[in-house]
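Novice: What follows is data.tsv, made up of TSV, C-alpha atoms (C1' of nucleotides):
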chain	number	residue	atom	x	y	z
L	56	MET	CA	7.62	21.19	7.26
L	57	GLU	CA	5.07	23.66	6.12
L	58	SER	CA	2.06	21.80	7.23
L	59	THR	CA	-0.37	22.96	4.68
L	60	MET	CA	0.76	22.55	1.18
L	61	VAL	CA	0.31	19.49	-0.82
L	62	ARG	CA	3.38	17.49	-0.17
L	63	GLY	CA	5.99	16.09	-2.40
L	64	LYS	CA	6.44	19.11	-4.56
L	65	VAL	CA	10.18	18.89	-4.42
L	66	GLY	CA	10.46	15.40	-3.04
L	67	ALA	CA	13.67	14.50	-4.75
L	68	GLN	CA	14.45	11.23	-3.03
L	69	VAL	CA	11.23	9.42	-3.73
L	70	ASP	CA	10.13	8.87	-7.25
L	71	ASN	CA	6.75	7.69	-6.25
L	72	GLU	CA	4.67	9.19	-8.98
L	73	PRO	CA	6.04	8.46	-12.38
L	74	GLU	CA	2.94	8.05	-14.48
L	75	ALA	CA	1.04	10.25	-12.13
L	76	ARG	CA	2.22	13.42	-13.76
L	77	ALA	CA	-0.81	14.87	-15.34
L	78	GLY	CA	0.38	18.33	-14.59
L	79	GLY	CA	1.90	18.22	-11.16
L	80	ALA	CA	2.00	16.27	-7.95
L	81	LEU	CA	-1.20	14.69	-6.83
L	82	PRO	CA	-2.91	16.21	-3.79
L	83	TYR	CA	-2.55	13.09	-1.71
L	84	GLU	CA	-3.05	14.92	1.54
L	85	LEU	CA	-6.42	16.27	0.56
L	86	ILE	CA	-7.44	12.94	-0.91
L	87	GLU	CA	-6.69	11.12	2.30
L	88	LEU	CA	-7.97	13.84	4.59
L	89	PHE	CA	-11.29	13.75	2.80
L	90	PHE	CA	-11.44	10.01	3.25
L	91	PHE	CA	-10.70	10.08	6.96
L	92	ALA	CA	-12.81	13.17	7.60
L	93	TYR	CA	-15.84	11.63	5.97
L	94	ARG	CA	-15.41	8.40	7.80
L	95	ASP	CA	-15.41	10.10	11.17
L	96	PHE	CA	-18.18	12.43	10.06
L	97	VAL	CA	-20.56	9.52	9.61
L	98	SER	CA	-19.31	7.60	12.64
L	99	ASP	CA	-21.21	9.75	15.13
L	100	PRO	CA	-24.62	9.09	13.58
L	101	ASP	CA	-23.67	5.46	13.10
L	102	ARG	CA	-23.40	4.94	16.83
L	103	ILE	CA	-26.79	6.47	17.50
L	104	LEU	CA	-28.42	4.60	14.66
L	105	ALA	CA	-26.99	1.30	15.82
L	106	GLU	CA	-28.81	1.68	19.13
L	107	LEU	CA	-32.05	1.84	17.20
L	108	GLY	CA	-31.25	-0.97	14.81
L	109	PHE	CA	-30.91	1.43	11.95
L	110	GLY	CA	-28.11	2.01	9.48
L	111	ARG	CA	-26.80	4.79	7.32
L	112	ALA	CA	-29.48	4.22	4.75
L	113	HIS	CA	-32.13	5.03	7.33
L	114	HIS	CA	-30.25	8.14	8.27
L	115	ARG	CA	-30.14	9.44	4.73
L	116	VAL	CA	-33.81	8.82	4.14
L	117	LEU	CA	-34.87	10.35	7.42
L	118	HIS	CA	-32.60	13.30	6.95
L	119	PHE	CA	-33.87	14.31	3.55
L	120	VAL	CA	-37.48	13.67	4.43
L	121	ASP	CA	-37.07	15.79	7.53
L	122	ARG	CA	-35.46	18.54	5.54
L	123	ASN	CA	-37.94	18.34	2.69
L	124	PRO	CA	-41.36	17.67	4.12
L	125	GLY	CA	-43.79	16.32	1.60
L	126	LEU	CA	-41.07	14.80	-0.52
L	127	THR	CA	-42.36	12.19	-2.92
L	128	ILE	CA	-40.84	8.77	-3.50
L	129	ALA	CA	-39.57	9.78	-6.90
L	130	GLU	CA	-37.91	12.92	-5.58
L	131	LEU	CA	-36.28	10.98	-2.78
L	132	LEU	CA	-34.98	8.40	-5.22
L	133	ASP	CA	-33.55	11.20	-7.30
L	134	ILE	CA	-31.74	12.70	-4.34
L	135	LEU	CA	-30.36	9.44	-3.03
L	136	LYS	CA	-29.71	7.93	-6.42
L	137	ILE	CA	-30.75	4.48	-5.38
L	138	THR	CA	-33.43	2.17	-6.72
L	139	LYS	CA	-36.90	2.02	-5.34
L	140	GLN	CA	-36.28	-1.55	-4.21
L	141	SER	CA	-33.38	-0.37	-2.11
L	142	LEU	CA	-35.39	2.47	-0.70
L	143	ASN	CA	-38.34	0.29	0.03
L	144	ARG	CA	-37.02	-1.78	2.87
L	145	VAL	CA	-35.52	1.15	4.65
L	146	LEU	CA	-38.55	3.31	4.20
L	147	LYS	CA	-40.89	0.58	5.36
L	148	GLU	CA	-38.89	0.26	8.54
L	149	LEU	CA	-38.96	3.97	9.17
L	150	VAL	CA	-42.69	4.06	8.57
L	151	GLY	CA	-43.21	0.93	10.65
L	152	THR	CA	-41.40	2.51	13.57
L	153	ALA	CA	-43.33	5.72	13.11
L	154	PHE	CA	-40.40	7.95	12.33
L	155	ILE	CA	-41.84	8.73	8.93
L	156	GLU	CA	-45.41	9.17	7.86
L	157	VAL	CA	-46.81	8.61	4.39
L	158	ARG	CA	-49.61	10.71	3.03
L	159	THR	CA	-51.34	10.11	-0.25
L	160	GLY	CA	-51.13	13.08	-2.56
L	161	LEU	CA	-54.17	15.28	-2.76
L	162	ALA	CA	-53.67	16.61	-6.25
L	163	ASP	CA	-52.22	13.35	-7.53
L	164	ARG	CA	-53.36	10.38	-5.53
L	165	ARG	CA	-50.67	8.16	-7.01
L	166	GLN	CA	-47.99	10.08	-5.18
L	167	ARG	CA	-46.85	9.45	-1.65
L	168	HIS	CA	-45.77	12.44	0.33
L	169	LEU	CA	-43.30	11.70	3.08
L	170	HIS	CA	-43.15	13.52	6.37
L	171	ALA	CA	-41.09	13.06	9.48
L	172	THR	CA	-43.23	12.48	12.55
L	173	ALA	CA	-42.45	14.26	15.79
L	174	SER	CA	-40.15	11.46	16.87
L	175	GLY	CA	-38.71	11.32	13.38
L	176	HIS	CA	-37.88	14.97	13.51
L	177	ALA	CA	-36.38	14.56	16.97
L	178	LEU	CA	-34.14	11.76	15.75
L	179	ALA	CA	-33.16	13.66	12.62
L	180	ALA	CA	-32.28	16.66	14.72
L	181	ARG	CA	-30.26	14.54	17.10
L	182	LEU	CA	-28.30	13.07	14.21
L	183	ALA	CA	-27.79	16.44	12.58
L	184	GLY	CA	-26.80	17.68	16.01
L	185	VAL	CA	-23.81	15.44	16.43
L	186	GLN	CA	-22.68	16.07	12.89
L	187	GLY	CA	-23.19	19.77	13.33
L	188	GLU	CA	-21.19	19.67	16.52
L	189	ARG	CA	-18.26	18.10	14.72
L	190	ILE	CA	-18.51	20.70	11.99
L	191	ARG	CA	-18.74	23.50	14.48
L	192	GLN	CA	-15.64	22.44	16.35
L	193	ALA	CA	-13.79	21.99	13.09
L	194	LEU	CA	-14.76	25.47	11.95
L	195	HIS	CA	-13.53	26.75	15.27
L	196	GLY	CA	-9.95	26.09	14.33
L	197	VAL	CA	-10.31	27.95	11.08
L	198	PRO	CA	-10.44	31.72	10.61
L	199	ALA	CA	-14.02	32.81	10.14
L	200	ALA	CA	-12.99	34.63	7.01
L	201	ALA	CA	-12.18	31.30	5.43
L	202	HIS	CA	-15.51	29.67	6.22
L	203	PRO	CA	-17.12	30.69	2.94
L	204	ALA	CA	-14.16	29.19	1.13
L	205	ILE	CA	-14.81	25.86	2.78
L	206	GLU	CA	-18.39	25.91	1.65
L	207	ALA	CA	-17.31	26.96	-1.82
L	208	TYR	CA	-14.77	24.16	-1.94
L	209	LEU	CA	-17.25	21.49	-0.95
L	210	THR	CA	-19.73	22.86	-3.44
L	211	ALA	CA	-17.15	22.74	-6.20
L	212	MET	CA	-16.45	19.10	-5.38
L	213	ILE	CA	-19.96	18.24	-6.53
L	214	ASP	CA	-20.50	17.26	-10.14
L	215	PRO	CA	-21.15	20.45	-12.12
L	216	GLN	CA	-24.32	19.09	-13.68
L	217	GLU	CA	-25.80	18.36	-10.29
L	218	ARG	CA	-24.49	21.34	-8.46
L	219	LYS	CA	-27.33	23.69	-9.17
L	220	GLN	CA	-30.00	21.21	-8.29
L	221	VAL	CA	-28.24	20.19	-5.10
L	222	LEU	CA	-27.76	23.75	-4.01
L	223	SER	CA	-31.35	24.71	-4.61
L	224	ARG	CA	-32.46	21.72	-2.62
L	225	ILE	CA	-30.08	22.43	0.20
L	226	ARG	CA	-30.94	26.05	0.52
L	227	LYS	CA	-34.65	25.55	0.19
L	228	GLY	CA	-34.95	26.01	3.91
L	229	PRO	CA	-36.40	23.65	6.50
L	230	VAL	CA	-39.93	22.62	7.09
L	231	GLY	CA	-41.83	24.22	4.37
J	111	MET	CA	-17.99	-4.92	24.25
J	112	GLU	CA	-17.57	-4.25	20.64
J	113	SER	CA	-13.99	-4.55	19.63
J	114	THR	CA	-12.47	-7.53	18.01
J	115	MET	CA	-8.82	-8.34	18.15
J	116	VAL	CA	-8.36	-6.20	15.16
J	117	ARG	CA	-10.36	-3.10	15.53
J	118	GLY	CA	-9.17	-0.07	17.35
J	119	LYS	CA	-11.21	1.93	19.73
J	120	VAL	CA	-14.33	3.37	18.38
J	121	GLY	CA	-16.11	4.54	21.43
J	122	ALA	CA	-15.91	8.26	21.57
J	123	GLN	CA	-17.47	9.86	24.55
J	124	VAL	CA	-21.13	10.29	24.09
J	125	ASP	CA	-21.82	13.84	23.24
J	126	ASN	CA	-25.32	14.06	24.48
J	127	GLU	CA	-27.10	16.28	22.12
J	128	PRO	CA	-30.78	16.13	22.88
J	129	GLU	CA	-32.79	17.95	20.31
J	130	ALA	CA	-32.00	20.59	17.83
J	131	ARG	CA	-30.00	23.50	19.11
J	132	ALA	CA	-27.03	24.13	21.27
J	133	GLY	CA	-26.02	27.59	20.30
J	134	GLY	CA	-27.66	28.23	17.00
J	135	ALA	CA	-29.09	26.65	13.95
J	136	LEU	CA	-27.56	23.46	12.70
J	137	PRO	CA	-25.15	23.77	9.78
J	138	TYR	CA	-27.39	21.88	7.41
J	139	GLU	CA	-25.69	23.26	4.37
J	140	LEU	CA	-22.29	21.97	5.34
J	141	ILE	CA	-23.75	18.65	6.42
J	142	GLU	CA	-25.38	18.11	3.07
J	143	LEU	CA	-22.55	19.54	1.03
J	144	PHE	CA	-20.18	17.13	2.70
J	145	PHE	CA	-22.48	14.26	1.85
J	146	PHE	CA	-22.85	15.18	-1.81
J	147	ALA	CA	-19.22	16.17	-2.22
J	148	TYR	CA	-18.00	12.87	-0.87
J	149	ARG	CA	-20.39	10.91	-2.99
J	150	ASP	CA	-19.15	12.52	-6.17
J	151	PHE	CA	-15.57	12.33	-4.95
J	152	VAL	CA	-15.71	8.55	-4.89
J	153	SER	CA	-17.80	8.24	-8.02
J	154	ASP	CA	-14.86	8.85	-10.36
J	155	PRO	CA	-12.76	5.98	-9.03
J	156	ASP	CA	-15.87	3.82	-8.88
J	157	ARG	CA	-16.28	4.00	-12.61
J	158	ILE	CA	-12.70	2.99	-13.28
J	159	LEU	CA	-12.80	0.22	-10.72
J	160	ALA	CA	-15.98	-1.19	-12.15
J	161	GLU	CA	-14.25	-1.75	-15.47
J	162	LEU	CA	-11.75	-3.94	-13.67
J	163	GLY	CA	-14.27	-5.78	-11.57
J	164	PHE	CA	-13.07	-4.06	-8.45
J	165	GLY	CA	-14.89	-2.09	-5.81
J	166	ARG	CA	-14.14	0.64	-3.34
J	167	ALA	CA	-12.58	-1.78	-0.95
J	168	HIS	CA	-9.96	-2.63	-3.54
J	169	HIS	CA	-9.31	1.04	-4.07
J	170	ARG	CA	-8.68	1.71	-0.44
J	171	VAL	CA	-6.33	-1.21	-0.05
J	172	LEU	CA	-4.40	-0.42	-3.20
J	173	HIS	CA	-4.21	3.24	-2.33
J	174	PHE	CA	-2.73	2.82	1.10
J	175	VAL	CA	-0.38	0.09	0.02
J	176	ASP	CA	0.80	2.25	-2.83
J	177	ARG	CA	1.31	5.18	-0.52
J	178	ASN	CA	2.96	3.12	2.19
J	179	PRO	CA	5.15	0.52	0.56
J	180	GLY	CA	6.04	-2.30	2.87
J	181	LEU	CA	2.88	-1.89	4.89
J	182	THR	CA	2.07	-4.94	6.99
J	183	ILE	CA	-1.32	-6.58	7.27
J	184	ALA	CA	-1.77	-5.34	10.81
J	185	GLU	CA	-0.93	-1.78	9.86
J	186	LEU	CA	-3.31	-1.88	6.95
J	187	LEU	CA	-6.08	-3.22	9.16
J	188	ASP	CA	-5.41	-0.41	11.57
J	189	ILE	CA	-5.71	2.19	8.84
J	190	LEU	CA	-8.82	0.77	7.26
J	191	LYS	CA	-10.41	-0.31	10.52
J	192	ILE	CA	-11.86	-3.45	9.07
J	193	THR	CA	-11.40	-7.07	10.07
J	194	LYS	CA	-8.76	-9.28	8.57
J	195	GLN	CA	-11.49	-11.47	7.10
J	196	SER	CA	-12.86	-8.49	5.24
J	197	LEU	CA	-9.45	-7.51	4.05
J	198	ASN	CA	-8.59	-11.00	3.00
J	199	ARG	CA	-10.83	-11.44	-0.01
J	200	VAL	CA	-10.00	-8.05	-1.41
J	201	LEU	CA	-6.31	-8.42	-0.86
J	202	LYS	CA	-6.28	-11.88	-2.39
J	203	GLU	CA	-7.90	-10.50	-5.50
J	204	LEU	CA	-5.40	-7.69	-5.75
J	205	VAL	CA	-2.54	-10.11	-5.29
J	206	GLY	CA	-4.10	-12.59	-7.71
J	207	THR	CA	-4.35	-9.92	-10.36
J	208	ALA	CA	-0.80	-8.82	-9.66
J	209	PHE	CA	-1.61	-5.32	-8.54
J	210	ILE	CA	-0.12	-6.00	-5.14
J	211	GLU	CA	2.83	-8.09	-4.16
J	212	VAL	CA	3.41	-9.78	-0.82
J	213	ARG	CA	6.86	-10.16	0.65
J	214	THR	CA	7.66	-12.07	3.79
J	215	GLY	CA	9.34	-9.93	6.39
J	216	LEU	CA	13.07	-10.25	6.70
J	217	ALA	CA	13.42	-9.31	10.32
J	218	ASP	CA	10.15	-10.94	11.31
J	219	ARG	CA	9.15	-13.69	8.98
J	220	ARG	CA	5.61	-13.76	10.32
J	221	GLN	CA	4.92	-10.41	8.80
J	222	ARG	CA	3.75	-9.78	5.27
J	223	HIS	CA	4.96	-6.62	3.64
J	224	LEU	CA	2.69	-5.31	0.93
J	225	HIS	CA	3.90	-3.51	-2.16
J	226	ALA	CA	2.15	-2.20	-5.22
J	227	THR	CA	3.51	-3.73	-8.40
J	228	ALA	CA	4.21	-1.56	-11.41
J	229	SER	CA	0.68	-2.06	-12.68
J	230	GLY	CA	-0.63	-1.61	-9.18
J	231	HIS	CA	1.10	1.70	-8.89
J	232	ALA	CA	-0.16	2.73	-12.30
J	233	LEU	CA	-3.73	1.97	-11.31
J	234	ALA	CA	-3.35	3.69	-7.96
J	235	ALA	CA	-1.97	6.75	-9.70
J	236	ARG	CA	-4.79	6.72	-12.19
J	237	LEU	CA	-7.35	6.60	-9.41
J	238	ALA	CA	-5.60	9.29	-7.42
J	239	GLY	CA	-5.38	11.22	-10.66
J	240	VAL	CA	-9.11	11.54	-11.18
J	241	GLN	CA	-9.68	12.38	-7.57
J	242	GLY	CA	-6.86	14.87	-7.66
J	243	GLU	CA	-8.32	16.43	-10.74
J	244	ARG	CA	-11.62	17.01	-9.00
J	245	ILE	CA	-9.82	18.50	-6.05
J	246	ARG	CA	-7.72	20.69	-8.24
J	247	GLN	CA	-10.66	22.13	-10.09
J	248	ALA	CA	-12.48	22.67	-6.81
J	249	LEU	CA	-9.50	24.50	-5.36
J	250	HIS	CA	-9.45	26.60	-8.47
J	251	GLY	CA	-12.62	28.36	-7.48
J	252	VAL	CA	-11.23	29.19	-4.07
J	253	PRO	CA	-8.68	31.86	-3.24
J	254	ALA	CA	-5.28	30.27	-2.79
J	255	ALA	CA	-4.98	32.00	0.54
J	256	ALA	CA	-7.85	29.88	1.79
J	257	HIS	CA	-6.39	26.55	0.73
J	258	PRO	CA	-4.63	25.95	4.03
J	259	ALA	CA	-7.91	26.58	5.79
J	260	ILE	CA	-9.56	23.83	3.78
J	261	GLU	CA	-6.88	21.40	4.78
J	262	ALA	CA	-7.13	22.54	8.37
J	263	TYR	CA	-10.87	22.11	8.30
J	264	LEU	CA	-10.74	18.58	6.95
J	265	THR	CA	-8.07	17.73	9.49
J	266	ALA	CA	-10.21	19.04	12.30
J	267	MET	CA	-13.08	16.87	11.14
J	268	ILE	CA	-11.06	13.80	12.08
J	269	ASP	CA	-11.44	12.37	15.56
J	270	PRO	CA	-8.94	14.14	17.82
J	271	GLN	CA	-7.54	10.88	19.14
J	272	GLU	CA	-6.76	9.70	15.65
J	273	ARG	CA	-5.71	12.96	14.17
J	274	LYS	CA	-2.06	12.78	15.02
J	275	GLN	CA	-1.64	9.26	13.80
J	276	VAL	CA	-3.49	9.97	10.58
J	277	LEU	CA	-1.47	13.06	9.89
J	278	SER	CA	1.82	11.36	10.47
J	279	ARG	CA	0.78	8.59	8.16
J	280	ILE	CA	-0.40	10.97	5.49
J	281	ARG	CA	2.62	13.18	5.54
J	282	LYS	CA	5.30	10.62	5.93
J	283	GLY	CA	6.80	9.64	2.66
J	284	PRO	CA	6.64	6.10	1.48
J	285	VAL	CA	8.06	3.75	4.04
J	286	GLY	CA	10.36	1.94	1.71
S	14	DC	C1'	-60.71	3.58	-23.20
S	15	DA	C1'	-55.69	3.24	-23.89
S	16	DT	C1'	-51.63	4.36	-22.20
S	17	DA	C1'	-48.41	6.59	-19.26
S	18	DT	C1'	-46.98	7.42	-14.58
S	19	DA	C1'	-46.09	6.60	-9.48
S	20	DT	C1'	-45.51	3.33	-6.57
S	21	DG	C1'	-45.22	-1.48	-4.55
S	22	DT	C1'	-43.34	-6.02	-4.43
S	23	DC	C1'	-41.20	-10.67	-5.36
S	24	DA	C1'	-36.95	-13.01	-6.34
S	25	DG	C1'	-32.24	-13.42	-6.98
S	26	DT	C1'	-27.48	-11.54	-6.81
S	27	DC	C1'	-23.39	-8.80	-5.41
S	28	DT	C1'	-20.05	-6.33	-2.43
S	29	DT	C1'	-18.53	-5.26	1.75
S	30	DA	C1'	-18.69	-5.82	6.06
S	31	DT	C1'	-19.45	-8.54	10.47
S	32	DT	C1'	-18.61	-12.45	14.42
S	33	DG	C1'	-16.72	-16.76	15.82
S	34	DA	C1'	-13.66	-20.50	15.68
S	35	DC	C1'	-9.46	-22.48	14.44
S	36	DA	C1'	-4.97	-23.35	12.06
S	37	DT	C1'	-0.12	-22.35	11.21
S	38	DA	C1'	4.20	-20.21	11.32
S	39	DT	C1'	7.32	-17.65	13.82
S	40	DC	C1'	9.14	-14.92	17.48
S	41	DT	C1'	10.29	-14.07	22.48
S	42	DC	C1'	11.35	-14.97	26.87
S	43	DA	C1'	12.04	-17.55	31.08
I	31	DT	C1'	14.42	-25.66	24.85
I	32	DG	C1'	9.78	-25.14	25.40
I	33	DA	C1'	5.66	-22.28	26.53
I	34	DG	C1'	3.31	-18.69	25.25
I	35	DA	C1'	2.46	-14.54	22.39
I	36	DT	C1'	2.05	-12.61	17.91
I	37	DA	C1'	1.07	-12.22	12.77
I	38	DT	C1'	-1.37	-14.03	9.55
I	39	DG	C1'	-4.62	-17.31	7.05
I	40	DT	C1'	-9.01	-19.52	6.54
I	41	DC	C1'	-13.74	-21.70	7.03
I	42	DA	C1'	-18.49	-20.73	7.96
I	43	DA	C1'	-22.49	-18.11	8.80
I	44	DT	C1'	-24.76	-13.63	8.75
I	45	DA	C1'	-26.18	-8.80	7.75
I	46	DA	C1'	-26.77	-4.28	5.44
I	47	DG	C1'	-27.24	-2.06	1.49
I	48	DA	C1'	-27.13	-1.93	-2.96
I	49	DC	C1'	-28.35	-3.97	-7.71
I	50	DT	C1'	-31.31	-6.07	-11.96
I	51	DG	C1'	-35.45	-7.93	-13.77
I	52	DA	C1'	-40.15	-8.83	-13.79
I	53	DC	C1'	-44.57	-7.88	-12.70
I	54	DA	C1'	-48.72	-5.76	-10.09
I	55	DT	C1'	-51.82	-1.93	-8.91
I	56	DA	C1'	-53.73	2.51	-8.71
I	57	DT	C1'	-54.42	6.66	-10.80
I	58	DA	C1'	-53.90	10.26	-14.18
I	59	DT	C1'	-54.28	11.95	-18.80
I	60	DG	C1'	-55.32	12.42	-23.54
Let me see the file written as structure tokens.

Specialist:
Amino acid sequence: MESTMVRGKVGAQVDNEPEARAGGALPYELIELFFFAYRDFVSDPDRILAELGFGRAHHRVLHFVDRNPGLTIAELLDILKITKQSLNRVLKELVGTAFIEVRTGLADRRQRHLHATASGHALAARLAGVQGERIRQALHGVPAAAHPAIEAYLTAMIDPQERKQVLSRIRKGPVG
Amino acid sequence: MESTMVRGKVGAQVDNEPEARAGGALPYELIELFFFAYRDFVSDPDRILAELGFGRAHHRVLHFVDRNPGLTIAELLDILKITKQSLNRVLKELVGTAFIEVRTGLADRRQRHLHATASGHALAARLAGVQGERIRQALHGVPAAAHPAIEAYLTAMIDPQERKQVLSRIRKGPVG
DNA sequence: CATATATGTCAGTCTTATTGACATATCTCA
DNA sequence: TGAGATATGTCAATAAGACTGACATATATG
């Protein structure tokens, strides 16, 4: 009943993974924990967004615009990995409700630079707040010494080819 | 107010979180890492599923049925937190393609007990395999001593009210 | 000027989810 | 036994979020 290890290592009675053997038991616990953890992680913002008639797509757009002021359409599409048609509706709604502001590029007037407005930033911060609160309480039950390992683990879960780009974007610091 | 006959409670207490802070900067890195990590985590199965004309919904159903043989419709709905109408199409397709088998309950003939077929189990194992591989390589870059902390962290990210139920479901062997 | 680039938009489709309303079989209990 | 309650199935309409394809416009660049 050691609560932490991946289960089934010596599970004699159940032969539940015949063709699964690619070199050991599958980490079912971590697979399912990740699923449930992520679901609850996004549920907090979902409730707030629903009050405003927004969905997760709005959250993602607002979040990355807030974190990367001046982001262009193309950059945002690259981050979100969606098509411009998908982005369009959501972005139009966020602009229409004045949570995001569009400024024509100065150097290149074809570009659109996106910025969160004051209310956009407030909403983004509120959404990040509830998610941050969940993270904070989760970290609370874990030795501080292990916190870097958690970050390292999540980082290593990202596709290697994208990892560098994602990290540089994440760590680029807010507002500026 | 919002629940149907099928859904469980969703209303967590509102954690009023006005603007930014509460006791420090928001953990933006972990917020974004979780987002990107989860996206890539599901991308591997997505590719396999696409070949078969299936989507994520099929994956989830097949996964939990495979892991919990004999699962009833009601139990599955409780795990997935979707409506029976949503489940229906997906489940019908999985049954129609013989990845899942339905058996009428013996004790209670109203119930339907779901089982993965041989091919269903093979597919489930293949999907869990690619996800497990990603997890394994991610764990590789983290000191083994910190592995329990990662599991503890993910567990703590789950809603407290659900945590116990989720854990018992995850750790219990196949129902048989 | 010709072409490439950045963005916008129209139209249609798909998957996954929703709510609402019923239908049917079966179990339970008074 | 008969009246509900329960477990599941199904029809219909709708929505969010994504997609492809095609085309339009403005601007930059060589």

Novice: Per residue of chain J within 9 Å of chain S, what are the shortest atom pair and its distance in Å to one decimal, counting only C-alpha atoms (C1' of nucleotides), with rows by chain and residue number, as JSON lines?

Specialist:
{"residue": "J:Thr114", "atom": "CA", "partner": "S:DT32", "partner_atom": "C1'", "distance": 8.6}
{"residue": "J:Gly165", "atom": "CA", "partner": "S:DT28", "partner_atom": "C1'", "distance": 7.5}
{"residue": "J:Arg166", "atom": "CA", "partner": "S:DT29", "partner_atom": "C1'", "distance": 8.9}
{"residue": "J:Ala167", "atom": "CA", "partner": "S:DT29", "partner_atom": "C1'", "distance": 7.4}
{"residue": "J:Ile192", "atom": "CA", "partner": "S:DA30", "partner_atom": "C1'", "distance": 7.8}
{"residue": "J:Thr193", "atom": "CA", "partner": "S:DT31", "partner_atom": "C1'", "distance": 8.2}
{"residue": "J:Ser196", "atom": "CA", "partner": "S:DA30", "partner_atom": "C1'", "distance": 6.5}
{"residue": "J:Asp218", "atom": "CA", "partner": "S:DC40", "partner_atom": "C1'", "distance": 7.4}
{"residue": "J:Arg219", "atom": "CA", "partner": "S:DT39", "partner_atom": "C1'", "distance": 6.5}
{"residue": "J:Arg220", "atom": "CA", "partner": "S:DT39", "partner_atom": "C1'", "distance": 5.5}

Novice: Kindly indicate which residue among J:Lys202, J:Arg149, J:His257, J:Lys282 lies nearest to chain I, using all atoms listed in the file for the distances.

Specialist: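 The closest residue to chain I is J:Lys202.
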
Novice: What separation in Å, quoted to one decimal, exists between atom CA of Leu142 of chain L and atom CA of Ala180 of chain L?

Specialist: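 Spanning atom CA of Leu142 of chain L to atom CA of Ala180 of chain L is a straight-line distance of 21.2 Å.
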
Novice: Closest to chain L among I:DT38, I:DT55, I:DT44, I:DT31, using only C-alpha atoms (C1' of nucleotides)?

Specialist: I:DT55

Novice: Set the cut-off to 7 Å and count all atoms listed in the file: what are the residues of chain I that reach chain L? Output as an MDAnalysis selection string.

Specialist: chainID I and resid 48 56:57

Novice: Provide as a compact mmCIF listing (two decimals) with C-alpha atoms, in the coordinates of the input the residues of chain L at most 8 Å from chain J, counting all atoms listed in the file.

Specialist:
# COMPACT_ATOMS: atom_id res chain seq x y z
CA THR L 59 -0.37 22.96 4.68
CA MET L 60 0.76 22.55 1.18
CA ARG L 62 3.38 17.49 -0.17
CA VAL L 69 11.23 9.42 -3.73
CA ASN L 71 6.75 7.69 -6.25
CA GLU L 72 4.67 9.19 -8.98
CA GLU L 74 2.94 8.05 -14.48
CA ALA L 75 1.04 10.25 -12.13
CA ALA L 77 -0.81 14.87 -15.34
CA LEU L 81 -1.20 14.69 -6.83
CA PRO L 82 -2.91 16.21 -3.79
CA TYR L 83 -2.55 13.09 -1.71
CA GLU L 84 -3.05 14.92 1.54
CA LEU L 85 -6.42 16.27 0.56
CA ILE L 86 -7.44 12.94 -0.91
CA GLU L 87 -6.69 11.12 2.30
CA LEU L 88 -7.97 13.84 4.59
CA PHE L 89 -11.29 13.75 2.80
CA PHE L 91 -10.70 10.08 6.96
CA ALA L 92 -12.81 13.17 7.60
CA TYR L 93 -15.84 11.63 5.97
CA ASP L 95 -15.41 10.10 11.17
CA PHE L 96 -18.18 12.43 10.06
CA ALA L 177 -36.38 14.56 16.97
CA LEU L 178 -34.14 11.76 15.75
CA ALA L 180 -32.28 16.66 14.72
CA ARG L 181 -30.26 14.54 17.10
CA ALA L 183 -27.79 16.44 12.58
CA GLY L 184 -26.80 17.68 16.01
CA VAL L 185 -23.81 15.44 16.43
CA GLN L 186 -22.68 16.07 12.89
CA GLY L 187 -23.19 19.77 13.33
CA ARG L 189 -18.26 18.10 14.72
CA ILE L 190 -18.51 20.70 11.99
CA ARG L 191 -18.74 23.50 14.48
CA GLN L 192 -15.64 22.44 16.35
CA ALA L 193 -13.79 21.99 13.09
CA LEU L 194 -14.76 25.47 11.95
CA GLY L 196 -9.95 26.09 14.33
CA VAL L 197 -10.31 27.95 11.08
CA PRO L 198 -10.44 31.72 10.61
CA ALA L 201 -12.18 31.30 5.43
CA ALA L 204 -14.16 29.19 1.13
CA ILE L 205 -14.81 25.86 2.78
CA GLU L 206 -18.39 25.91 1.65
CA ALA L 207 -17.31 26.96 -1.82
CA TYR L 208 -14.77 24.16 -1.94
CA LEU L 209 -17.25 21.49 -0.95
CA THR L 210 -19.73 22.86 -3.44
CA ALA L 211 -17.15 22.74 -6.20
CA MET L 212 -16.45 19.10 -5.38
CA ILE L 213 -19.96 18.24 -6.53
CA ASP L 214 -20.50 17.26 -10.14
CA ILE L 225 -30.08 22.43 0.20
CA ARG L 226 -30.94 26.05 0.52

Novice: Please compute the atom CA of Ser229 of chain J-atom CA of Glu211 of chain J distance, one decimal, in Å.

Specialist: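 Rounded to one decimal, the two atoms are 10.7 Å apart.
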
Novice: Show me, as a list in words, the residues that have an atom within 10 Å of His170 of chain L when counting only C-alpha atoms (C1' of nucleotides), minus same-chain residues fewer than 6 positions from it.

Specialist: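 The filter keeps Leu117, Phe119, Val120, Asp121, Arg122, Asn123, Pro124, Gly125, Leu126, Thr127, Val150, Phe154, Ile155, Glu156, Val157, Arg158, His176 and Val230 of chain L.
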
Novice: Just give me the gap between atom CA of Arg157 of chain J and atom CA of Thr207 of chain J in Å, one decimal is fine.

Specialist: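 Taking atom CA of Arg157 of chain J and atom CA of Thr207 of chain J, their separation equals 18.5 Å.
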
Novice: With 8 Å added on each side, what axis-aligned box encloses every listed atom of segment 26-41 of chain S? Give the centre and edge lengths in Å to one decimal, as lines of an AutoDock Vina configuration file.

Specialist:
center_x = -8.6
center_y = -14.3
center_z = 7.8
size_x = 53.8
size_y = 34.1
size_z = 45.3
